[in-house]
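Q: Structure file data_33.cif, mmCIF, C-alpha atoms and all ligand atoms, is pasted below:
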data_run
#
loop_
_atom_site.group_PDB
_atom_site.id
_atom_site.type_symbol
_atom_site.label_atom_id
_atom_site.label_comp_id
_atom_site.auth_asym_id
_atom_site.auth_seq_id
_atom_site.Cartn_x
_atom_site.Cartn_y
_atom_site.Cartn_z
ATOM 1 C CA ALA B 1 -2.159 25.270 -0.449
ATOM 2 C CA THR B 2 -0.516 23.584 2.546
ATOM 3 C CA ALA B 3 -3.333 24.752 4.861
ATOM 4 C CA GLU B 4 -5.836 23.251 2.429
ATOM 5 C CA LEU B 5 -3.960 19.923 2.375
ATOM 6 C CA GLU B 6 -3.778 19.974 6.178
ATOM 7 C CA SER B 7 -7.560 20.354 6.337
ATOM 8 C CA TYR B 8 -7.920 17.363 3.988
ATOM 9 C CA LEU B 9 -5.603 15.377 6.257
ATOM 10 C CA GLU B 10 -7.832 16.178 9.238
ATOM 11 C CA PHE B 11 -10.861 15.107 7.239
ATOM 12 C CA ALA B 12 -9.166 11.826 6.245
ATOM 13 C CA ILE B 13 -8.325 11.133 9.915
ATOM 14 C CA HIS B 14 -11.971 11.854 10.752
ATOM 15 C CA LEU B 15 -12.969 9.216 8.142
ATOM 16 C CA ALA B 16 -10.547 6.720 9.696
ATOM 17 C CA LYS B 17 -12.127 7.404 13.116
ATOM 18 C CA LEU B 18 -15.578 6.696 11.676
ATOM 19 C CA ALA B 19 -14.505 3.494 9.928
ATOM 20 C CA GLY B 20 -12.190 2.040 12.567
ATOM 21 C CA PRO B 21 -14.822 0.899 15.098
ATOM 22 C CA VAL B 22 -16.912 -0.659 12.314
ATOM 23 C CA ILE B 23 -13.940 -2.651 10.978
ATOM 24 C CA LEU B 24 -13.079 -3.700 14.533
ATOM 25 C CA GLU B 25 -16.650 -4.810 15.206
ATOM 26 C CA GLY B 26 -16.590 -6.938 12.044
ATOM 27 C CA PHE B 27 -13.182 -8.389 12.956
ATOM 28 C CA ASN B 28 -14.355 -9.291 16.463
ATOM 29 C CA THR B 29 -17.735 -10.762 15.513
ATOM 30 C CA ARG B 30 -16.790 -12.682 12.410
ATOM 31 C CA PHE B 31 -17.266 -15.952 14.277
ATOM 32 C CA SER B 32 -20.760 -15.043 15.431
ATOM 33 C CA PRO B 33 -23.774 -17.070 14.207
ATOM 34 C CA GLU B 34 -24.304 -14.500 11.432
ATOM 35 C CA ARG B 35 -20.868 -15.054 9.933
ATOM 36 C CA SER B 36 -22.354 -17.054 7.059
ATOM 37 C CA ALA B 37 -23.640 -13.704 5.811
ATOM 38 C CA LEU B 38 -20.158 -12.219 5.906
ATOM 39 C CA LEU B 39 -18.762 -13.383 2.615
ATOM 40 C CA VAL B 40 -19.974 -11.949 -0.639
ATOM 41 C CA LYS B 41 -18.409 -13.623 -3.643
ATOM 42 C CA LYS B 42 -16.358 -11.410 -5.937
ATOM 43 C CA GLY B 43 -13.885 -12.918 -8.399
ATOM 44 C CA ASN B 44 -12.465 -16.331 -7.519
ATOM 45 C CA THR B 45 -12.040 -18.211 -4.231
ATOM 46 C CA ALA B 46 -8.983 -16.079 -3.452
ATOM 47 C CA ASP B 47 -10.660 -12.745 -4.187
ATOM 48 C CA LEU B 48 -12.781 -12.107 -1.114
ATOM 49 C CA VAL B 49 -15.215 -9.374 -0.235
ATOM 50 C CA THR B 50 -17.408 -9.195 2.862
ATOM 51 C CA GLU B 51 -20.458 -7.263 3.893
ATOM 52 C CA TRP B 52 -18.143 -5.246 6.129
ATOM 53 C CA ASP B 53 -16.108 -3.986 3.140
ATOM 54 C CA GLN B 54 -19.330 -2.750 1.580
ATOM 55 C CA LYS B 55 -20.662 -1.266 4.813
ATOM 56 C CA VAL B 56 -17.444 0.682 5.521
ATOM 57 C CA GLU B 57 -17.180 1.977 1.963
ATOM 58 C CA LYS B 58 -20.796 3.163 2.031
ATOM 59 C CA LEU B 59 -20.186 5.014 5.296
ATOM 60 C CA VAL B 60 -17.021 6.712 4.079
ATOM 61 C CA ARG B 61 -18.395 7.556 0.658
ATOM 62 C CA LYS B 62 -21.516 9.167 2.177
ATOM 63 C CA GLU B 63 -19.354 11.371 4.399
ATOM 64 C CA ILE B 64 -17.123 12.421 1.489
ATOM 65 C CA THR B 65 -20.082 13.187 -0.772
ATOM 66 C CA GLU B 66 -21.742 15.291 1.938
ATOM 67 C CA LYS B 67 -18.690 17.182 3.149
ATOM 68 C CA MET B 68 -16.412 17.503 0.100
ATOM 69 C CA LYS B 69 -18.573 19.025 -2.611
ATOM 70 C CA GLY B 70 -17.119 18.794 -6.106
ATOM 71 C CA HIS B 71 -14.640 16.068 -5.160
ATOM 72 C CA SER B 72 -14.597 12.688 -6.925
ATOM 73 C CA PHE B 73 -14.575 9.279 -5.310
ATOM 74 C CA ILE B 74 -13.030 5.948 -6.305
ATOM 75 C CA GLY B 75 -13.583 2.987 -3.995
ATOM 76 C CA GLU B 76 -12.858 -0.701 -4.329
ATOM 77 C CA GLU B 77 -16.394 -1.885 -3.686
ATOM 78 C CA THR B 78 -17.976 0.851 -5.804
ATOM 79 C CA VAL B 79 -15.883 -0.282 -8.761
ATOM 80 C CA ALA B 80 -16.608 -3.944 -7.952
ATOM 81 C CA ALA B 81 -20.327 -3.080 -8.052
ATOM 82 C CA GLY B 82 -19.873 -1.980 -11.652
ATOM 83 C CA GLU B 83 -19.379 1.796 -11.462
ATOM 84 C CA THR B 84 -16.785 3.129 -13.850
ATOM 85 C CA CYS B 85 -14.331 5.397 -12.109
ATOM 86 C CA ILE B 86 -11.891 7.363 -14.205
ATOM 87 C CA LEU B 87 -9.058 9.192 -12.529
ATOM 88 C CA THR B 88 -9.222 12.873 -13.505
ATOM 89 C CA ASP B 89 -7.366 15.990 -12.331
ATOM 90 C CA ALA B 90 -10.189 16.822 -9.872
ATOM 91 C CA PRO B 91 -9.556 16.208 -6.157
ATOM 92 C CA THR B 92 -10.286 12.488 -5.872
ATOM 93 C CA TRP B 93 -10.640 10.399 -2.742
ATOM 94 C CA ILE B 94 -9.371 6.890 -3.406
ATOM 95 C CA VAL B 95 -10.451 4.442 -0.723
ATOM 96 C CA ASP B 96 -10.009 0.792 0.105
ATOM 97 C CA PRO B 97 -12.456 0.248 3.002
ATOM 98 C CA ILE B 98 -10.733 -2.945 4.154
ATOM 99 C CA ASP B 99 -7.374 -3.717 2.626
ATOM 100 C CA GLY B 100 -6.393 -7.232 3.591
ATOM 101 C CA THR B 101 -9.898 -8.690 3.365
ATOM 102 C CA THR B 102 -8.552 -12.248 3.462
ATOM 103 C CA ASN B 103 -6.695 -11.353 6.669
ATOM 104 C CA PHE B 104 -9.928 -9.829 8.026
ATOM 105 C CA VAL B 105 -11.827 -13.061 7.348
ATOM 106 C CA HIS B 106 -9.141 -15.192 9.003
ATOM 107 C CA GLY B 107 -8.379 -12.929 11.960
ATOM 108 C CA PHE B 108 -4.811 -12.197 10.795
ATOM 109 C CA PRO B 109 -4.313 -8.682 12.172
ATOM 110 C CA PHE B 110 -2.857 -6.895 9.096
ATOM 111 C CA VAL B 111 -6.050 -5.144 8.086
ATOM 112 C CA ALA B 112 -6.451 -1.452 7.320
ATOM 113 C CA ILE B 113 -8.594 1.217 5.765
ATOM 114 C CA SER B 114 -6.662 3.155 3.147
ATOM 115 C CA ILE B 115 -7.729 6.729 2.368
ATOM 116 C CA GLY B 116 -5.810 8.652 -0.275
ATOM 117 C CA LEU B 117 -6.436 11.987 -1.966
ATOM 118 C CA THR B 118 -5.129 12.900 -5.398
ATOM 119 C CA ILE B 119 -5.089 16.383 -6.876
ATOM 120 C CA GLY B 120 -4.075 16.648 -10.524
ATOM 121 C CA GLN B 121 -3.680 12.834 -10.358
ATOM 122 C CA GLU B 122 -0.897 13.187 -7.793
ATOM 123 C CA PRO B 123 -1.356 11.491 -4.404
ATOM 124 C CA VAL B 124 -1.021 14.333 -1.843
ATOM 125 C CA VAL B 125 -2.689 13.090 1.355
ATOM 126 C CA GLY B 126 -2.522 9.570 2.755
ATOM 127 C CA VAL B 127 -4.132 8.030 5.834
ATOM 128 C CA ILE B 128 -3.911 4.328 6.616
ATOM 129 C CA TYR B 129 -5.472 3.019 9.798
ATOM 130 C CA ASN B 130 -5.180 -0.484 11.200
ATOM 131 C CA PRO B 131 -7.777 -0.540 14.011
ATOM 132 C CA ILE B 132 -6.743 -4.015 15.174
ATOM 133 C CA LEU B 133 -3.208 -2.873 16.031
ATOM 134 C CA ASN B 134 -4.253 0.764 16.603
ATOM 135 C CA GLN B 135 -1.742 2.083 14.086
ATOM 136 C CA LEU B 136 -2.515 5.343 12.307
ATOM 137 C CA PHE B 137 -0.162 6.233 9.439
ATOM 138 C CA THR B 138 -0.527 9.762 8.072
ATOM 139 C CA ALA B 139 1.216 11.990 5.559
ATOM 140 C CA VAL B 140 0.760 15.177 3.596
ATOM 141 C CA LYS B 141 3.005 15.800 0.611
ATOM 142 C CA GLY B 142 6.087 17.688 1.756
ATOM 143 C CA GLN B 143 5.223 17.478 5.476
ATOM 144 C CA GLY B 144 6.659 14.116 6.543
ATOM 145 C CA ALA B 145 5.001 10.838 7.477
ATOM 146 C CA TYR B 146 3.975 9.809 10.983
ATOM 147 C CA LEU B 147 2.838 6.776 12.951
ATOM 148 C CA SER B 148 0.581 7.369 15.941
ATOM 149 C CA LYS B 149 -2.391 5.909 17.767
ATOM 150 C CA ILE B 150 -5.838 6.996 16.624
ATOM 151 C CA ASP B 151 -6.467 9.324 19.584
ATOM 152 C CA GLU B 152 -3.046 10.989 19.374
ATOM 153 C CA ASN B 153 -1.993 14.066 17.440
ATOM 154 C CA PRO B 154 0.266 12.451 14.797
ATOM 155 C CA ARG B 155 2.887 15.205 14.755
ATOM 156 C CA GLU B 156 2.935 15.970 18.467
ATOM 157 C CA GLN B 157 2.597 12.512 19.943
ATOM 158 C CA GLY B 158 3.372 10.293 16.944
ATOM 159 C CA ARG B 159 6.727 9.147 15.622
ATOM 160 C CA ARG B 160 8.207 10.335 12.348
ATOM 161 C CA LEU B 161 8.785 7.641 9.726
ATOM 162 C CA PRO B 162 10.943 5.758 9.048
ATOM 163 C CA LEU B 163 11.379 4.480 12.584
ATOM 164 C CA SER B 164 14.507 2.395 12.225
ATOM 165 C CA TYR B 165 16.853 4.834 10.522
ATOM 166 C CA PRO B 166 17.534 8.517 10.432
ATOM 167 C CA HIS B 167 15.362 10.330 7.910
ATOM 168 C CA PRO B 168 15.585 9.872 4.964
ATOM 169 C CA ALA B 169 16.177 6.123 4.878
ATOM 170 C CA PRO B 170 19.718 5.390 3.730
ATOM 171 C CA PRO B 171 19.922 3.381 0.519
ATOM 172 C CA LEU B 172 20.697 -0.307 0.524
ATOM 173 C CA PRO B 173 23.308 -1.458 -1.985
ATOM 174 C CA SER B 174 22.124 -4.949 -2.782
ATOM 175 C CA LEU B 175 19.067 -7.152 -2.829
ATOM 176 C CA SER B 176 21.241 -9.756 -1.132
ATOM 177 C CA MET B 177 20.936 -7.613 2.024
ATOM 178 C CA ALA B 178 17.220 -6.964 1.646
ATOM 179 C CA LEU B 179 14.031 -8.157 3.290
ATOM 180 C CA ILE B 180 11.410 -8.104 0.549
ATOM 181 C CA ALA B 181 7.628 -7.953 0.785
ATOM 182 C CA SER B 182 5.513 -9.372 -2.002
ATOM 183 C CA GLU B 183 2.141 -11.069 -2.498
ATOM 184 C CA TYR B 184 0.637 -13.832 -4.586
ATOM 185 C CA GLY B 185 -2.355 -11.506 -5.058
ATOM 186 C CA SER B 186 -5.880 -12.542 -5.910
ATOM 187 C CA ASP B 187 -5.401 -13.193 -9.634
ATOM 188 C CA ARG B 188 -4.404 -16.858 -9.626
ATOM 189 C CA SER B 189 -4.317 -17.440 -13.381
ATOM 190 C CA THR B 190 -1.157 -19.285 -14.385
ATOM 191 C CA ASP B 191 0.104 -16.451 -16.609
ATOM 192 C CA VAL B 192 0.123 -14.186 -13.520
ATOM 193 C CA ILE B 193 1.201 -16.675 -10.851
ATOM 194 C CA ASP B 194 3.990 -18.419 -12.794
ATOM 195 C CA PRO B 195 6.169 -15.312 -13.411
ATOM 196 C CA LYS B 196 5.563 -14.166 -9.820
ATOM 197 C CA VAL B 197 6.639 -17.498 -8.370
ATOM 198 C CA LYS B 198 9.667 -17.497 -10.663
ATOM 199 C CA SER B 199 10.665 -14.050 -9.409
ATOM 200 C CA MET B 200 10.224 -15.106 -5.785
ATOM 201 C CA ARG B 201 12.311 -18.197 -6.490
ATOM 202 C CA ASN B 202 15.021 -16.010 -8.014
ATOM 203 C CA LEU B 203 15.002 -13.824 -4.902
ATOM 204 C CA ALA B 204 15.052 -16.756 -2.491
ATOM 205 C CA SER B 205 17.661 -18.646 -4.463
ATOM 206 C CA ARG B 206 20.641 -17.086 -6.267
ATOM 207 C CA TYR B 207 19.590 -14.594 -8.851
ATOM 208 C CA PRO B 208 21.539 -14.863 -12.100
ATOM 209 C CA SER B 209 25.019 -13.388 -11.759
ATOM 210 C CA ASN B 210 25.534 -12.972 -15.505
ATOM 211 C CA LEU B 211 22.807 -10.318 -15.429
ATOM 212 C CA THR B 212 24.550 -8.215 -12.800
ATOM 213 C CA PRO B 213 28.174 -7.981 -13.910
ATOM 214 C CA GLY B 214 30.401 -6.687 -11.166
ATOM 215 C CA ARG B 215 27.624 -6.412 -8.624
ATOM 216 C CA ALA B 216 26.897 -8.380 -5.475
ATOM 217 C CA VAL B 217 24.523 -11.234 -6.139
ATOM 218 C CA GLY B 218 23.032 -13.786 -3.848
ATOM 219 C CA HIS B 219 19.970 -14.660 -1.859
ATOM 220 C CA ALA B 220 17.706 -11.991 -0.493
ATOM 221 C CA HIS B 221 17.522 -12.126 3.314
ATOM 222 C CA GLY B 222 13.881 -13.140 3.101
ATOM 223 C CA ILE B 223 10.455 -12.671 1.573
ATOM 224 C CA ARG B 224 7.365 -11.637 3.563
ATOM 225 C CA CYS B 225 3.697 -11.628 2.533
ATOM 226 C CA LEU B 226 1.559 -9.668 5.019
ATOM 227 C CA GLY B 227 -1.588 -10.146 2.918
ATOM 228 C CA SER B 228 -2.275 -6.438 2.521
ATOM 229 C CA ALA B 229 -0.686 -4.038 0.064
ATOM 230 C CA THR B 230 -1.051 -1.130 2.479
ATOM 231 C CA MET B 231 0.486 -3.037 5.384
ATOM 232 C CA ASN B 232 3.425 -4.102 3.185
ATOM 233 C CA MET B 233 3.931 -0.454 2.227
ATOM 234 C CA MET B 234 3.702 0.632 5.866
ATOM 235 C CA ALA B 235 6.287 -1.998 6.822
ATOM 236 C CA LEU B 236 8.553 -0.302 4.288
ATOM 237 C CA ALA B 237 7.660 3.186 5.525
ATOM 238 C CA GLN B 238 8.581 2.120 9.049
ATOM 239 C CA GLY B 239 11.904 0.715 7.863
ATOM 240 C CA GLN B 240 11.049 -2.941 8.486
ATOM 241 C CA VAL B 241 11.340 -4.178 4.893
ATOM 242 C CA ASP B 242 13.462 -2.778 2.077
ATOM 243 C CA VAL B 243 11.398 -3.551 -1.010
ATOM 244 C CA TYR B 244 7.737 -4.168 -1.732
ATOM 245 C CA TRP B 245 7.179 -5.644 -5.166
ATOM 246 C CA GLU B 246 3.823 -6.613 -6.603
ATOM 247 C CA VAL B 247 2.051 -7.056 -9.888
ATOM 248 C CA GLY B 248 -1.709 -6.716 -9.544
ATOM 249 C CA CYS B 249 -2.337 -3.797 -7.183
ATOM 250 C CA TRP B 250 -5.214 -1.405 -7.714
ATOM 251 C CA GLU B 251 -5.240 2.345 -7.129
ATOM 252 C CA TRP B 252 -7.131 2.001 -3.812
ATOM 253 C CA ASP B 253 -4.426 -0.406 -2.588
ATOM 254 C CA VAL B 254 -1.607 2.063 -3.161
ATOM 255 C CA CYS B 255 -2.821 5.688 -3.311
ATOM 256 C CA ALA B 256 -2.503 6.588 0.390
ATOM 257 C CA GLY B 257 0.577 4.389 0.712
ATOM 258 C CA ILE B 258 2.406 6.276 -2.044
ATOM 259 C CA VAL B 259 2.235 9.553 -0.090
ATOM 260 C CA ILE B 260 3.321 7.936 3.175
ATOM 261 C CA VAL B 261 6.158 5.932 1.618
ATOM 262 C CA ARG B 262 7.510 8.956 -0.257
ATOM 263 C CA GLU B 263 7.368 11.101 2.867
ATOM 264 C CA ALA B 264 9.270 8.351 4.688
ATOM 265 C CA GLY B 265 12.027 8.604 2.063
ATOM 266 C CA GLY B 266 10.986 5.658 -0.121
ATOM 267 C CA ILE B 267 10.820 5.547 -3.884
ATOM 268 C CA VAL B 268 7.850 4.360 -5.891
ATOM 269 C CA VAL B 269 8.330 3.110 -9.427
ATOM 270 C CA ASP B 270 6.634 0.563 -11.649
ATOM 271 C CA SER B 271 7.352 -3.121 -11.115
ATOM 272 C CA CYS B 272 10.222 -3.018 -13.619
ATOM 273 C CA GLY B 273 11.920 -0.106 -11.875
ATOM 274 C CA ARG B 274 10.825 2.526 -14.388
ATOM 275 C CA LYS B 275 9.848 5.976 -13.224
ATOM 276 C CA VAL B 276 6.351 6.616 -14.539
ATOM 277 C CA ASN B 277 3.991 9.494 -13.866
ATOM 278 C CA ASP B 278 1.660 9.201 -10.901
ATOM 279 C CA GLY B 279 -1.517 8.709 -12.940
ATOM 280 C CA GLU B 280 0.078 5.744 -14.683
ATOM 281 C CA LEU B 281 1.500 4.430 -11.430
ATOM 282 C CA LEU B 282 -1.936 4.451 -9.816
ATOM 283 C CA ILE B 283 -3.772 2.623 -12.540
ATOM 284 C CA GLY B 284 -0.900 0.554 -13.925
ATOM 285 C CA ARG B 285 -1.335 -2.362 -11.493
ATOM 286 C CA ARG B 286 2.442 -2.976 -11.537
ATOM 287 C CA PHE B 287 4.130 -1.731 -8.479
ATOM 288 C CA LEU B 288 7.452 -1.501 -6.703
ATOM 289 C CA VAL B 289 8.489 0.458 -3.654
ATOM 290 C CA VAL B 290 12.046 0.628 -2.439
ATOM 291 C CA ARG B 291 13.809 2.453 0.315
ATOM 292 C CA GLY B 292 16.570 4.714 -0.973
ATOM 293 C CA CYS B 293 17.610 4.493 -4.595
ATOM 294 C CA CYS B 294 21.306 3.907 -4.877
ATOM 295 C CA GLY B 295 23.743 1.107 -5.386
ATOM 296 C CA GLU B 296 27.052 -0.140 -4.094
ATOM 297 C CA ASP B 297 29.796 2.346 -3.247
ATOM 298 C CA GLY B 298 27.315 5.209 -3.271
ATOM 299 C CA ASP B 299 26.655 4.734 -7.005
ATOM 300 C CA THR B 300 23.445 6.681 -7.577
ATOM 301 C CA SER B 301 22.923 5.660 -11.207
ATOM 302 C CA PRO B 302 19.488 4.180 -11.897
ATOM 303 C CA GLU B 303 21.179 0.974 -13.069
ATOM 304 C CA ALA B 304 22.643 0.486 -9.610
ATOM 305 C CA SER B 305 19.433 0.798 -7.637
ATOM 306 C CA LEU B 306 17.512 -1.915 -5.859
ATOM 307 C CA ALA B 307 14.810 -1.224 -8.402
ATOM 308 C CA ALA B 308 17.157 -2.133 -11.240
ATOM 309 C CA GLN B 309 18.191 -5.258 -9.369
ATOM 310 C CA MET B 310 14.518 -6.183 -8.940
ATOM 311 C CA LYS B 311 14.118 -5.893 -12.684
ATOM 312 C CA ILE B 312 16.664 -8.628 -13.304
ATOM 313 C CA VAL B 313 15.021 -11.162 -11.018
ATOM 314 C CA GLN B 314 11.739 -10.953 -12.889
HETATM 315 C C1 LIG B 401 -5.581 -6.943 -1.828
HETATM 316 C C2 LIG B 401 -4.505 -7.124 -0.787
HETATM 317 C C3 LIG B 401 -3.493 -8.130 -1.285
HETATM 318 C C4 LIG B 401 -2.858 -7.703 -2.596
HETATM 319 C C5 LIG B 401 -3.919 -7.410 -3.634
HETATM 320 C C6 LIG B 401 -4.943 -6.426 -3.089
HETATM 321 P P1 LIG B 401 -7.998 -6.402 -0.719
HETATM 322 O O1 LIG B 401 -6.540 -5.995 -1.377
HETATM 323 O O2 LIG B 401 -3.879 -5.910 -0.521
HETATM 324 O O3 LIG B 401 -2.451 -8.289 -0.371
HETATM 325 O O4 LIG B 401 -2.038 -8.756 -3.056
HETATM 326 O O5 LIG B 401 -3.268 -6.865 -4.782
HETATM 327 O O6 LIG B 401 -5.919 -6.165 -4.065
HETATM 328 O O7 LIG B 401 -8.728 -7.204 -1.728
HETATM 329 O O8 LIG B 401 -7.687 -7.190 0.511
HETATM 330 O O9 LIG B 401 -8.628 -5.093 -0.447
#
Any chance you could put this one into structure tokens?
A:
Amino acid sequence: ATAELESYLEFAIHLAKLAGPVILEGFNTRFSPERSALLVKKGNTADLVTEWDQKVEKLVRKEITEKMKGHSFIGEETVAAGETCILTDAPTWIVDPIDGTTNFVHGFPFVAISIGLTIGQEPVVGVIYNPILNQLFTAVKGQGAYLSKIDENPREQGRRLPLSYPHPAPPLPSLSMALIASEYGSDRSTDVIDPKVKSMRNLASRYPSNLTPGRAVGHAHGIRCLGSATMNMMALAQGQVDVYWEVGCWEWDVCAGIVIVREAGGIVVDSCGRKVNDGELLIGRRFLVVRGCCGEDGDTSPEASLAAQMKIVQ
């Protein structure tokens, strides 16, 4: 089974190599005279899609359909175009052709293709490639996660994740010592934005001490929004942020990232800190990733985890 997963990893890297130059070309020519043709309207003014998203997804989907007979495909733009995609137990490639489309449009360099594979609804292979920064993140379930350049062999020339700590990442006892990634997301309706802003305020300010008896409370070190779910997850996998919390992610935003984060020692739960099965996690749109799951004084109870602390700020 491992040899089979390794061959899928190689295929996913091949897809990243196909897509990378196309994404880069779009990124570098977006200010050309044709740029008026770039934007294709999707949801609201904060929910962007470009011709490049569609072009990259078409390219990748064609390759998967031709080379991986019997496998299913779920892609952001395919779903946006009205196709219903149901996650089944069959091997399923879940792809976001350009995650961080708003960044892509503005030239903010946190842009990546995200290629995940699920088998039995469990994410088992993840490849995330940011061609602007030439960062290739790869992982196979049980085989570790790596960061390399696109033309390097990830395991031989790449670096094992996380970068900043020994593996696995040691747990962090309190949110008051954490750097947290989050996003406003593209759904700007008040019933989505208001609770998010309140949670961010609680993190930035003092979160309520009466809800954490006996535990350290205070301000989080900071909040970062990179504008891309995959890049936030890869910041966590590298050991640069401690929590990524978001309500509103789709399966193509998180599938590859789940494998890489887990292989880097991170924990993936729903946005309230509950452990849910992978199928539910992928389609639930509520999402939280933390490094290490334990509290102060080595307390490993679920109540003590960063995830539980995140629950109280919401
Ligand atoms: C979005 C980005 C954004 C996140 C949204 C995603 P897209 O993906 O990752 O940061 O907040 O939840 O849907 O539209 O750029 O592919």
Q: Neighbours of Leu203 (chain B) within 7 Å (all atoms listed in the file; same-chain residues fewer than 6 positions away dropped), as a PyMOL selection string?
A: chain B and resi 219-220+313
Q: How close does each residue of chain B get to ligand LIG 401 (chain B), giving the shortest atom pair and distance in Å to one decimal for every residue with an atom at most 6 Å away, counting only C-alpha atoms and all ligand atoms, sorted by chain and residue number, as JSON lines?
A:
{"residue": "B:Ile98", "atom": "CA", "partner": "B:LIG401", "partner_atom": "O9", "distance": 5.5}
{"residue": "B:Asp99", "atom": "CA", "partner": "B:LIG401", "partner_atom": "O9", "distance": 3.6}
{"residue": "B:Gly100", "atom": "CA", "partner": "B:LIG401", "partner_atom": "O8", "distance": 3.3}
{"residue": "B:Thr101", "atom": "CA", "partner": "B:LIG401", "partner_atom": "O8", "distance": 3.9}
{"residue": "B:Thr102", "atom": "CA", "partner": "B:LIG401", "partner_atom": "O8", "distance": 5.9}
{"residue": "B:Glu183", "atom": "CA", "partner": "B:LIG401", "partner_atom": "O4", "distance": 4.8}
{"residue": "B:Tyr184", "atom": "CA", "partner": "B:LIG401", "partner_atom": "O4", "distance": 5.9}
{"residue": "B:Gly185", "atom": "CA", "partner": "B:LIG401", "partner_atom": "O4", "distance": 3.4}
{"residue": "B:Ser186", "atom": "CA", "partner": "B:LIG401", "partner_atom": "C5", "distance": 5.9}
{"residue": "B:Gly227", "atom": "CA", "partner": "B:LIG401", "partner_atom": "O3", "distance": 3.9}
{"residue": "B:Ser228", "atom": "CA", "partner": "B:LIG401", "partner_atom": "O3", "distance": 3.4}
{"residue": "B:Ala229", "atom": "CA", "partner": "B:LIG401", "partner_atom": "O2", "distance": 3.7}
{"residue": "B:Gly248", "atom": "CA", "partner": "B:LIG401", "partner_atom": "O5", "distance": 5.0}
{"residue": "B:Cys249", "atom": "CA", "partner": "B:LIG401", "partner_atom": "O5", "distance": 4.0}
{"residue": "B:Asp253", "atom": "CA", "partner": "B:LIG401", "partner_atom": "O2", "distance": 5.9}
Q: Do you know which residues are at most 9 Å from region 73-85 of chain B counting all atoms listed in the file, after dropping those on the same chain fewer than 2 positions away, and could you put them as a list in words?
A: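 Listed by chain and then number, they are Lys42, Val49, Asp53, Gln54, Glu57, Lys58, Arg61, Ile64, Thr65, His71, Leu87, Pro91, Thr92, Trp93, Ile94, Val95, Asp96, Pro97, Trp250, Glu251, Trp252 and Asp253 of chain B.
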Q: Would you save the residues of that selection, restricted to C-alpha atoms, as a JSON list (two decimals), in the frame of the given file?
A:
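The new file result-v8.json reads:
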[["chain", "number", "residue", "atom", "x", "y", "z"],
["B", 42, "LYS", "CA", -16.36, -11.41, -5.94],
["B", 49, "VAL", "CA", -15.22, -9.37, -0.24],
["B", 53, "ASP", "CA", -16.11, -3.99, 3.14],
["B", 54, "GLN", "CA", -19.33, -2.75, 1.58],
["B", 57, "GLU", "CA", -17.18, 1.98, 1.96],
["B", 58, "LYS", "CA", -20.80, 3.16, 2.03],
["B", 61, "ARG", "CA", -18.40, 7.56, 0.66],
["B", 64, "ILE", "CA", -17.12, 12.42, 1.49],
["B", 65, "THR", "CA", -20.08, 13.19, -0.77],
["B", 71, "HIS", "CA", -14.64, 16.07, -5.16],
["B", 87, "LEU", "CA", -9.06, 9.19, -12.53],
["B", 91, "PRO", "CA", -9.56, 16.21, -6.16],
["B", 92, "THR", "CA", -10.29, 12.49, -5.87],
["B", 93, "TRP", "CA", -10.64, 10.40, -2.74],
["B", 94, "ILE", "CA", -9.37, 6.89, -3.41],
["B", 95, "VAL", "CA", -10.45, 4.44, -0.72],
["B", 96, "ASP", "CA", -10.01, 0.79, 0.10],
["B", 97, "PRO", "CA", -12.46, 0.25, 3.00],
["B", 250, "TRP", "CA", -5.21, -1.40, -7.71],
["B", 251, "GLU", "CA", -5.24, 2.35, -7.13],
["B", 252, "TRP", "CA", -7.13, 2.00, -3.81],
["B", 253, "ASP", "CA", -4.43, -0.41, -2.59]]
Q: Find the distance between CA of Asn232 (chain B) and CA of Arg159 (chain B) and write it in Å to one decimal.
A: 18.5 Å
Q: How far is it from CA of His14 (chain B) to CA of Ile128 (chain B), in Å with one decimal?
A: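 According to the coordinates, CA of His14 (chain B) and CA of Ile128 (chain B) are separated by 11.8 Å.
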Q: Could you tell me, as a count of residues only, which residues have any atom at most 12 Å from (-13.7, 8.6, 11.1), counting all atoms listed in the file?
A: 34
Q: Under the rule that only C-alpha atoms are counted, which of B:Thr2, B:His221, B:Ala90, B:Arg262 is the nearest residue to Tyr146 (chain B)?
A: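 Using only C-alpha atoms, the shortest distance to Tyr146 (chain B) belongs to B:Arg262.
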Q: In Å, how far is it from CA of Cys272 (chain B) to CA of Thr118 (chain B)?
A: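 Computing the Euclidean distance for CA of Cys272 (chain B) and CA of Thr118 (chain B) yields 23.6 Å.
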Q: Selected by the PyMOL selection byres (((chain B and resi 132) around 9) and not hetatm) in the shown coordinates: which residues, as an NGL selection string?
A: :B and (20 or 23-24 or 27 or 109-112 or 129-131 or 133-135)
Q: Let's have the selection written as a PDB file, keeping the file's coordinate frame, with C-alpha atoms.
A:
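Output (out.pdb):
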ATOM      1  CA  GLY B  20     -12.190   2.040  12.567  1.00  0.00           C
ATOM      2  CA  ILE B  23     -13.940  -2.651  10.978  1.00  0.00           C
ATOM      3  CA  LEU B  24     -13.079  -3.700  14.533  1.00  0.00           C
ATOM      4  CA  PHE B  27     -13.182  -8.389  12.956  1.00  0.00           C
ATOM      5  CA  PRO B 109      -4.313  -8.682  12.172  1.00  0.00           C
ATOM      6  CA  PHE B 110      -2.857  -6.895   9.096  1.00  0.00           C
ATOM      7  CA  VAL B 111      -6.050  -5.144   8.086  1.00  0.00           C
ATOM      8  CA  ALA B 112      -6.451  -1.452   7.320  1.00  0.00           C
ATOM      9  CA  TYR B 129      -5.472   3.019   9.798  1.00  0.00           C
ATOM     10  CA  ASN B 130      -5.180  -0.484  11.200  1.00  0.00           C
ATOM     11  CA  PRO B 131      -7.777  -0.540  14.011  1.00  0.00           C
ATOM     12  CA  LEU B 133      -3.208  -2.873  16.031  1.00  0.00           C
ATOM     13  CA  ASN B 134      -4.253   0.764  16.603  1.00  0.00           C
ATOM     14  CA  GLN B 135      -1.742   2.083  14.086  1.00  0.00           C
TER      15      GLN B 135
END
